[in-house]
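One structure is given below, encoded as structure tokens.
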Amino acid sequence: MEHLDFTDPSLWDNCSTSSPSPARFRVPKLVHFIFGLQPDFGGYPFLFVHYMAVKAAHDAVRPDAIWMHYKHEPAGEWWERAKRLVVLKKIEDVPTEVFGKRITNVSHMADVLRLRILLEHGGIYLDSDVIVYRSLDPLLHHTTVLGFEDDDGLCNGLIVAAPNATFLRAWLDAYRSFHRDRWNEHSVVVPLRIAREDDGMRWKREGLCVMPRVSFFYPSWMKTHVEFVHKADEYVFDNGYQYAYHAYNHGSGRLTQELTPDYVRSHNSSITRLLRPFLDADVVGNRSGLELAAAAPAAAAEGVPQGPGQGRAKAAATMTMTRTKTRVIAKATMTTTALVDGEGAGAGRGRRRRGQRRGVEGLVVG
């Protein structure tokens with residue numbers, strides 16, 4: 001059995017998660033999504049899960065505004081509902097180069113775009129399949145907040161940052177060495193490399209907070225983790241220390257893409273319990289939005305990535321296939337009074353226990 005500890009106390013011990021007064025916030029309560037950088041949306045229309053990401057951000061973050069940055073406006077039932085909650089921000093120029101280096105993949109375009117947006121405006125960037133389900137106010141007094149995706153890097157699917165944050169400027173500057181064939185190097189690996197400079201001391205002084213993986217990106221993109229969240233009712237997201245879940249829409253084998261309101265209401269699983277509190281009574285039906293993909297069958301068949309973060313999980317799964325053959329325990333060394341006792345998929349565990357202080361173990365996959 002391989003044990004992987006996805007936390008790095010040398011970084012996240014700088015993260016104070018007390019609840020400061022709004023006067024101490026460095027980060028504006030402004031949420032950013034990016035969608036529709038391609039005219040055919042890569043064959044993946046605006047789905048029910050995308051609407052739920054917007055709705056969850058609206059309800060949990062309680063932002064001053066949600067900005068939806070887009071080049072090509074989506075359509076369909078779930079987009080029309082989401083439009084009621086967002087301010088549309090048309091992107092005139094999608095980045096096709098960075099420091100003279102050509103960008104050809106839409107996910108890399110979105111990687112650069114989110115850094116530029118946050119440097120200018122600050123706020124909370126979310127991938128379109130990230131479900132935030134409790135307030136991020138305890139993090140807004142830092143200048144930059146990121147979370148581990150795995151032991152190799154920090155994920156850019158959720159970024160909390162003040163305007164003109166020095167860490168983001170260093171991150172964007174690192175794109176001078178960008179190579180389009182290195183899939184997640186600058187989106188995941190490089191930010192961790194920067195964060196560890198000078199044993200992390202430089203960026204601690206600058207207000208960087210790096211959270212353990214369980215805060216934003218657990219369970220992971222691995223197929224066994226995704227299936228566990230969708231097919232079992234054992235992992236509890238409302239555990240006192242986790243802020244969000246990245247649903248890995250593109251890498252979920254359609255499990256996330258095919259979610260519908262009626263399914264969320266009628267089935268009990270970790271993912272449906274996560275989404276249900278954000279589901280208004282008038283949101284009904286068995287339409288996920290995938291039916292709109294029929295308008296672009298060629299693009300869907302080619303599996304072109306749709307947007308920010310989409311497709312990265314699938315590529316990463318291919319590159320690290322051998323890792324899924326081992327049994328992995330992702331362990332958070334934090335302690336909490338409300339925790340998940342999830343010692344194994346299918347072990348009948350995953351109960352919430354209150355009033356105890358102990359380490360928290362994640363699910364075991366095999």
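Every chain in the structure tokens takes a letter, A first, then B, and so on in the order presented; its residues are numbered from 1, and the ligands are numbered from 1 following the presented order.
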Tell me which protein, DNA and RNA residues are within 10 Å of Leu119 (chain A), counting only C-alpha atoms, leaving out same-chain ones fewer than 4 positions away, and put them as a compact mmCIF listing (two decimals) with all heavy atoms, in the first residue's frame.
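Writing done, so here's selection.txt:
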# COMPACT_ATOMS: atom_id res chain seq x y z
N LEU A 113 -5.67 33.54 -19.04
CA LEU A 113 -6.73 34.53 -18.89
C LEU A 113 -7.12 34.74 -17.43
O LEU A 113 -7.31 35.87 -16.97
CB LEU A 113 -7.94 34.10 -19.72
CG LEU A 113 -9.09 35.09 -19.87
CD1 LEU A 113 -8.62 36.38 -20.52
CD2 LEU A 113 -10.21 34.46 -20.69
N ARG A 114 -7.23 33.66 -16.67
CA ARG A 114 -7.65 33.81 -15.26
C ARG A 114 -6.62 34.59 -14.45
O ARG A 114 -6.99 35.36 -13.57
CB ARG A 114 -7.92 32.44 -14.64
CG ARG A 114 -6.71 31.59 -14.32
CD ARG A 114 -7.08 30.16 -14.00
NE ARG A 114 -7.61 29.50 -15.18
CZ ARG A 114 -8.06 28.24 -15.19
NH1 ARG A 114 -8.04 27.53 -14.09
NH2 ARG A 114 -8.52 27.70 -16.30
N LEU A 115 -5.33 34.40 -14.74
CA LEU A 115 -4.31 35.15 -14.03
C LEU A 115 -4.40 36.64 -14.36
O LEU A 115 -4.29 37.50 -13.48
CB LEU A 115 -2.92 34.61 -14.35
CG LEU A 115 -2.61 33.19 -13.87
CD1 LEU A 115 -1.19 32.79 -14.26
CD2 LEU A 115 -2.80 33.05 -12.37
N GLY A 123 -10.25 38.84 -6.65
CA GLY A 123 -11.49 38.10 -6.46
C GLY A 123 -11.25 36.61 -6.32
O GLY A 123 -10.17 36.16 -5.92
N ALA A 161 -7.51 35.70 -4.72
CA ALA A 161 -6.38 36.62 -4.85
C ALA A 161 -6.81 38.07 -4.77
O ALA A 161 -7.88 38.45 -5.27
CB ALA A 161 -5.63 36.38 -6.15
N ALA A 162 -5.95 38.88 -4.14
CA ALA A 162 -6.14 40.33 -4.12
C ALA A 162 -5.70 40.89 -5.48
O ALA A 162 -4.93 40.27 -6.21
CB ALA A 162 -5.29 40.94 -3.01
N PRO A 163 -6.19 42.07 -5.84
CA PRO A 163 -5.72 42.69 -7.09
C PRO A 163 -4.21 42.87 -7.06
O PRO A 163 -3.63 43.22 -6.04
CB PRO A 163 -6.45 44.05 -7.10
CG PRO A 163 -7.63 43.86 -6.20
CD PRO A 163 -7.20 42.90 -5.15
N ASN A 164 -3.59 42.60 -8.20
CA ASN A 164 -2.14 42.79 -8.36
C ASN A 164 -1.33 42.00 -7.33
O ASN A 164 -0.26 42.45 -6.89
CB ASN A 164 -1.78 44.28 -8.28
CG ASN A 164 -0.45 44.58 -8.95
OD1 ASN A 164 -0.07 43.92 -9.93
ND2 ASN A 164 0.27 45.55 -8.43
N ALA A 165 -1.81 40.82 -6.97
CA ALA A 165 -1.10 39.98 -6.00
C ALA A 165 0.28 39.62 -6.54
O ALA A 165 0.42 39.19 -7.69
CB ALA A 165 -1.90 38.72 -5.72
N THR A 166 1.30 39.78 -5.71
CA THR A 166 2.66 39.56 -6.17
C THR A 166 2.90 38.10 -6.56
O THR A 166 3.68 37.84 -7.48
CB THR A 166 3.67 39.98 -5.09
OG1 THR A 166 3.35 39.33 -3.86
CG2 THR A 166 3.66 41.48 -4.89
N PHE A 167 2.25 37.17 -5.88
CA PHE A 167 2.44 35.76 -6.24
C PHE A 167 1.90 35.50 -7.64
O PHE A 167 2.53 34.80 -8.45
CB PHE A 167 1.77 34.83 -5.23
CG PHE A 167 2.01 33.37 -5.52
CD1 PHE A 167 3.15 32.75 -5.05
CD2 PHE A 167 1.11 32.64 -6.29
CE1 PHE A 167 3.39 31.40 -5.34
CE2 PHE A 167 1.35 31.30 -6.57
CZ PHE A 167 2.49 30.68 -6.10
N LEU A 168 0.74 36.03 -7.96
CA LEU A 168 0.17 35.83 -9.30
C LEU A 168 1.04 36.49 -10.36
O LEU A 168 1.17 35.97 -11.48
CB LEU A 168 -1.25 36.39 -9.37
CG LEU A 168 -2.33 35.70 -8.53
CD1 LEU A 168 -3.71 36.12 -9.02
CD2 LEU A 168 -2.20 34.19 -8.53
N ARG A 169 1.65 37.63 -10.02
CA ARG A 169 2.52 38.28 -10.99
C ARG A 169 3.74 37.41 -11.27
O ARG A 169 4.17 37.27 -12.42
CB ARG A 169 2.93 39.66 -10.48
CG ARG A 169 3.59 40.52 -11.55
CD ARG A 169 3.43 41.99 -11.28
NE ARG A 169 2.05 42.44 -11.31
CZ ARG A 169 1.33 42.61 -12.41
NH1 ARG A 169 1.87 42.34 -13.59
NH2 ARG A 169 0.09 43.04 -12.34
N LEU A 172 2.50 34.46 -13.45
CA LEU A 172 2.34 34.82 -14.86
C LEU A 172 3.69 35.04 -15.52
O LEU A 172 3.90 34.63 -16.67
CB LEU A 172 1.48 36.08 -14.96
CG LEU A 172 1.15 36.56 -16.38
CD1 LEU A 172 0.40 35.50 -17.16
CD2 LEU A 172 0.33 37.85 -16.33
Looking at A:His267, A:Arg26, A:Arg254, A:Arg213, which one is nearest to His121 (chain A), with distances taken over only C-alpha atoms?
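Under the stated criterion, the closest residue is A:Arg26.
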Quick one: pull the distance between CA of Val145 (chain A) and CA of Ala244 (chain A), Å, one decimal.
13.1 Å
Can you list, as a VMD selection string, every residue of region 74-286 of chain A that DSSP puts in strand (DSSP E)?
chain A and resid 87 to 90 97 to 98 101 to 102 123 to 126 130 to 132 144 to 150 153 to 161 208 to 211 244 to 246
Near His186 (chain A), within 8 Å and counting only C-alpha atoms, which residues show up once chain neighbours fewer than 4 positions away are dropped, as a compact mmCIF listing (two decimals) with all heavy atoms, in the first residue's frame?
# COMPACT_ATOMS: atom_id res chain seq x y z
N ALA A 174 6.35 33.52 -14.95
CA ALA A 174 6.96 32.21 -15.20
C ALA A 174 6.54 31.62 -16.55
O ALA A 174 7.17 30.69 -17.05
CB ALA A 174 6.61 31.24 -14.07
N TYR A 175 5.47 32.18 -17.16
CA TYR A 175 5.04 31.71 -18.47
C TYR A 175 6.05 32.08 -19.57
O TYR A 175 5.86 31.69 -20.73
CB TYR A 175 3.66 32.28 -18.81
CG TYR A 175 2.52 31.40 -18.34
CD1 TYR A 175 2.09 31.45 -17.02
CD2 TYR A 175 1.90 30.51 -19.20
CE1 TYR A 175 1.05 30.64 -16.57
CE2 TYR A 175 0.85 29.70 -18.77
CZ TYR A 175 0.44 29.77 -17.45
OH TYR A 175 -0.58 28.96 -17.01
N PHE A 178 6.94 28.94 -20.96
CA PHE A 178 5.80 28.10 -21.34
C PHE A 178 6.10 27.29 -22.59
O PHE A 178 6.69 27.78 -23.56
CB PHE A 178 4.58 28.99 -21.60
CG PHE A 178 3.40 28.26 -22.17
CD1 PHE A 178 2.62 27.43 -21.36
CD2 PHE A 178 3.05 28.40 -23.50
CE1 PHE A 178 1.53 26.76 -21.88
CE2 PHE A 178 1.95 27.74 -24.03
CZ PHE A 178 1.19 26.91 -23.21
N VAL A 190 4.25 24.59 -11.72
CA VAL A 190 5.00 25.83 -11.53
C VAL A 190 4.57 26.60 -10.29
O VAL A 190 5.42 27.08 -9.53
CB VAL A 190 4.92 26.70 -12.80
CG1 VAL A 190 5.36 28.14 -12.51
CG2 VAL A 190 5.79 26.11 -13.90
N PRO A 191 3.27 26.77 -10.02
CA PRO A 191 2.92 27.54 -8.81
C PRO A 191 3.44 26.92 -7.52
O PRO A 191 3.82 27.65 -6.59
CB PRO A 191 1.39 27.57 -8.83
CG PRO A 191 0.97 26.53 -9.81
CD PRO A 191 2.06 26.42 -10.80
Enumerate, as a VMD selection string, the complete set of residues in region 108-306 of chain A that a backbone-based DSSP assignment places in helix (DSSP H, G or I).
chain A and resid 108 to 121 137 to 139 166 to 177 185 to 195 197 to 205 213 to 216 223 to 231 261 to 266 270 to 278 290 to 295 297 to 302
From the set A:Ser220, A:Phe228, A:Pro39, A:Trp78, which residue has the shortest atom-to-atom contact distance to Arg287 (chain A), counting only C-alpha atoms?
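Ranking A:Ser220, A:Phe228, A:Pro39, A:Trp78 by distance to Arg287 (chain A), first place goes to A:Trp78.
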Have a look at A:Asp238, A:Gln38, A:Asp137, A:Met222 and name the one nearest to Asp93 (chain A); count only C-alpha atoms.
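Ranked by minimum distance to Asp93 (chain A), first place goes to A:Gln38.
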